[in-house]
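These notes concern the structure reproduced below.
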Amino acid sequence: MCVDYRELNKLIIPETQPFPLIDEILVKTRGCSWFSALDINSAFWSIPIRAQDRHKSAFITQRGHYEWRSMPFGIKVAPAVFQNAISGIIKRNGLSEFTANYLDDLLIFSRTFDEHLVHIQRLITAVFEDGFRFNFKKCTFAASSIQYLGHILGPDTVQPLQDNLIAIKSFPTPSSRKNIRQFLGKVNFYRKFIPDSVSILEPFHNLLRKNIPFSWSNECQRSFDKIKDLLTSVPVLAIFDRTKPIFVYTDASGVGIGAVLKQTQSDGSEKPVAYFSKKLSDAQKRKKAIYIEGIAVREAIRYWRYWLIGRHFTVVTDHKPLEGLNLKARTDEELGDLANELLQFDFEILYRPGTSNHEADCLSRNPVLKPQSDSTGNEPILPTFNFLSLDEIKQLQRNVEVSSLDLTKQGIIYRTINGNPRILLDVQAGKHLINIVHAKYGHIGPKHVIAIISKNFTFPKMYTSIREFCSSCKICIMNKSRCPRRSARMGFLGPARAPFEIMSLDTVGGFGPYHSSLRYLHLLVDHFTRYAYILPSKGQSAKIMSRFIDSVQRENQIGILLTDQYGGLSSDEFTAYCSRSGIRHVFTAVDSAFSNGLNERLNQTLVNRIRCLIHDESTPPTKSWSAIANECVKQYNDSPHSVTKFAPSYLLTGRPVSIIPKTLSPPADLHEDRKTALENTLKYHMYNKHLYDKNKCDVNFAIGDSVYVDNGNKLNRNKLDNLRIGPFPISRVISNNVYEITVNHGPSGKRLYHASKLIRCPADVTIS
């Protein structure tokens, strides 16, 4: 069963799991005489899906709506996840020496029968312990030859599976270029079994060339019949053996290069392991014989480098001058460049006449693989094991201005810096190198980029360019938690100079059960007196908030109301209520609790007091948390505030609160006390502002500036989600610290952000 998950696949992050090369699996079976192939039952369905992710796999049928509990077919990462799971079992249990897997197909290979029984038992035990089971009907045990991945494996031999060749044998005579491409697609999988494939298939490739009319000739028919006969007559190649001598036969002609990799078998004969051929580019065809013969050697070694690296081998050529070629000497610039890559291989070159090298000769005269070159006709960049090849460095230096003090070695220009030679680049090439290093090493910071580049390179304004590049990298800005940003200085709403001039509203959730069905506590605080009003409720809709404010504003007009951007408070209904009531509604910035610090601190104070009373033994066990909250807020209002030094209830009503009789208390002067409270508030604010502003700076964002914004609260996103999103334009400046950003989501598509949550977009990053 397979569900259409194309839309879901667009959102899934790809799984980076390498799959084994079929040739690598076949090489591991060298020297083995016993084989078993095991198939895992219900492969993908053996991988469970996390409960919180199952809804993402939901699909609907005529019989209902369903979700997958296990990994379904159709998810693009399913093969990689399954390959990783099975290969992980093999590695953890030390089974890699005699077991290989390609998805749910497992292969066991052993030298002796007794050893094979032990290997089977170890593998089955390991797989069963991880919860997987086998499909017994599809398993083959202890066979001397076995079918695996389209091949028949035997003792040191491999040949194509006959069942797979039926499609080739019964393929109809091609009548169009499309038919030829289809036929070649089927044949190419088994090309390694055909020694003269290039010459046999040449008529087909000729028909695919531009400006060649399609005409099925007798030569095409003979090649068509011959290729089918060769493949269906069970050709055999030897399996590569790491312990046996390796010979690479190479040859070059005026049209292409060819090579055969052979190994000496136990009977002393040389047997082919693989074939290779490639066409020459127009520029290469014009070179002298020694160059194209050298290209043949280099391309063959490059093609089989995974087998040849780290091993000694012999290159056999019919070009005598190559036999005495000293790869370490650069007598010729072009030959020296060609030989540079070959220095990392351990080999010797032997000369043999062309009559003893007919296979490579045939391949070179009938090449198949197309030449690879850039638009200028230059050689392709060499794939070496170094970070940069000589050719790449030379390409970077193509516009360098050389002075008389610079020196050249092996075609590379150096400039001495502080007594040490450095590879010289121009500014543009230097920036290109910074981009390569920064990305290749996982978006490292400027200090690490400087450490890597300055060791070997130099170019004008190098350090400045590195710092500018790293600070403007879009990926780094959006994903690094330690990305530098400019924090604004502390702002101040007010100050309020009279009761009800400025009030702020906030909500605390998560209450209950504690003998009450109410779940929210709404707090309305007066900024001048610090007097608090509360309302426990079941919800936090605009209607509930409006009724709460009405209960406070019956006798006192509220001037400014400060709230966050919660949906109920930013709704059209609540906005209309504030407008009717003559209240100026002001929002705090997104995810900036410090913008309403008075409420946030009061939230902590009241919640702590409620928690203490609930767990106090003197509190009746049946008393609801909402009743306790009303007691706590009264206690708070009647207690001297740490900032104003007066009780909020006294500053609001003028009625003194004292623990001694009124006759013993000195007379109160409300006017003077309110004046003192304001002075204390301002003094406290200026002290905190001095501490906060020490390492902060003024911001100067303007309308139209592009900025990145925080991607919500970290508690509401996954660990690996982007930390920032954008860039977005600033649409309005609210204050020195608060800006309206057009983010294209929310009721109005615009939200308020604090300057500390913004990072300016680099000039070279365009707004999406």
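Chain labels run A, B, ... following the order of the structure tokens; each chain numbers its residues from 1, and ligands are numbered from 1 in the order shown.
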
ask   = Counting only C-alpha atoms, what is within 10 Å of segment 405-409 of chain A, bar same-chain residues fewer than 6 positions away, as a PyMOL selection string?
value = chain A and resi 415-416+421-424

Mind dumping the selected residues with N, CA, C and O atoms as an mmCIF file, in the first residue's frame?
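Full text of out_9.cif as output:
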data_model
loop_
_atom_site.group_PDB
_atom_site.id
_atom_site.type_symbol
_atom_site.label_atom_id
_atom_site.label_comp_id
_atom_site.auth_asym_id
_atom_site.auth_seq_id
_atom_site.Cartn_x
_atom_site.Cartn_y
_atom_site.Cartn_z
ATOM 1 N N ARG A 415 53.468 35.408 -2.318
ATOM 2 C CA ARG A 415 53.938 36.689 -1.791
ATOM 3 C C ARG A 415 54.353 36.478 -0.339
ATOM 4 O O ARG A 415 53.626 35.831 0.438
ATOM 5 N N THR A 416 55.502 37.011 0.033
ATOM 6 C CA THR A 416 56.037 36.805 1.377
ATOM 7 C C THR A 416 55.377 37.781 2.351
ATOM 8 O O THR A 416 55.408 38.999 2.163
ATOM 9 N N PRO A 421 55.922 32.596 2.950
ATOM 10 C CA PRO A 421 55.272 32.701 1.635
ATOM 11 C C PRO A 421 53.784 32.364 1.727
ATOM 12 O O PRO A 421 53.389 31.401 2.379
ATOM 13 N N ARG A 422 52.965 33.174 1.077
ATOM 14 C CA ARG A 422 51.519 32.961 1.044
ATOM 15 C C ARG A 422 51.054 32.992 -0.409
ATOM 16 O O ARG A 422 51.530 33.800 -1.206
ATOM 17 N N ILE A 423 50.103 32.136 -0.750
ATOM 18 C CA ILE A 423 49.533 32.121 -2.097
ATOM 19 C C ILE A 423 48.748 33.407 -2.305
ATOM 20 O O ILE A 423 47.879 33.758 -1.507
ATOM 21 N N LEU A 424 49.045 34.111 -3.381
ATOM 22 C CA LEU A 424 48.477 35.440 -3.627
ATOM 23 C C LEU A 424 47.184 35.352 -4.434
ATOM 24 O O LEU A 424 47.121 34.656 -5.443
#

request  = Determine, counting only C-alpha atoms, which protein, DNA and RNA residues have an atom within 10 Å of an atom of Phe548 of chain A; residues of the same chain fewer than 5 positions away are not included. Present the result as a PyMOL selection string.
outcome  = chain A and resi 522-524+533-536+542-543+553

key: Neighbour list for Tyr566 of chain A as an MDAnalysis selection string, cut-off 10 Å, only C-alpha atoms, skip fewer than 6 positions in-chain   = chainID A and resid 506:507 540:542 587 590

ask   = Per DSSP on the backbone, what are the helix (DSSP H, G or I) residues of segment 454-509 of chain A, as a PyMOL selection string?
value = chain A and resi 462-471+474-479

key: Interatomic distance, atom CA of His754 of chain A to atom CA of Val738 of chain A (Å, one decimal)   =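 Straight-line distance from atom CA of His754 of chain A to atom CA of Val738 of chain A works out to 4.6 Å.
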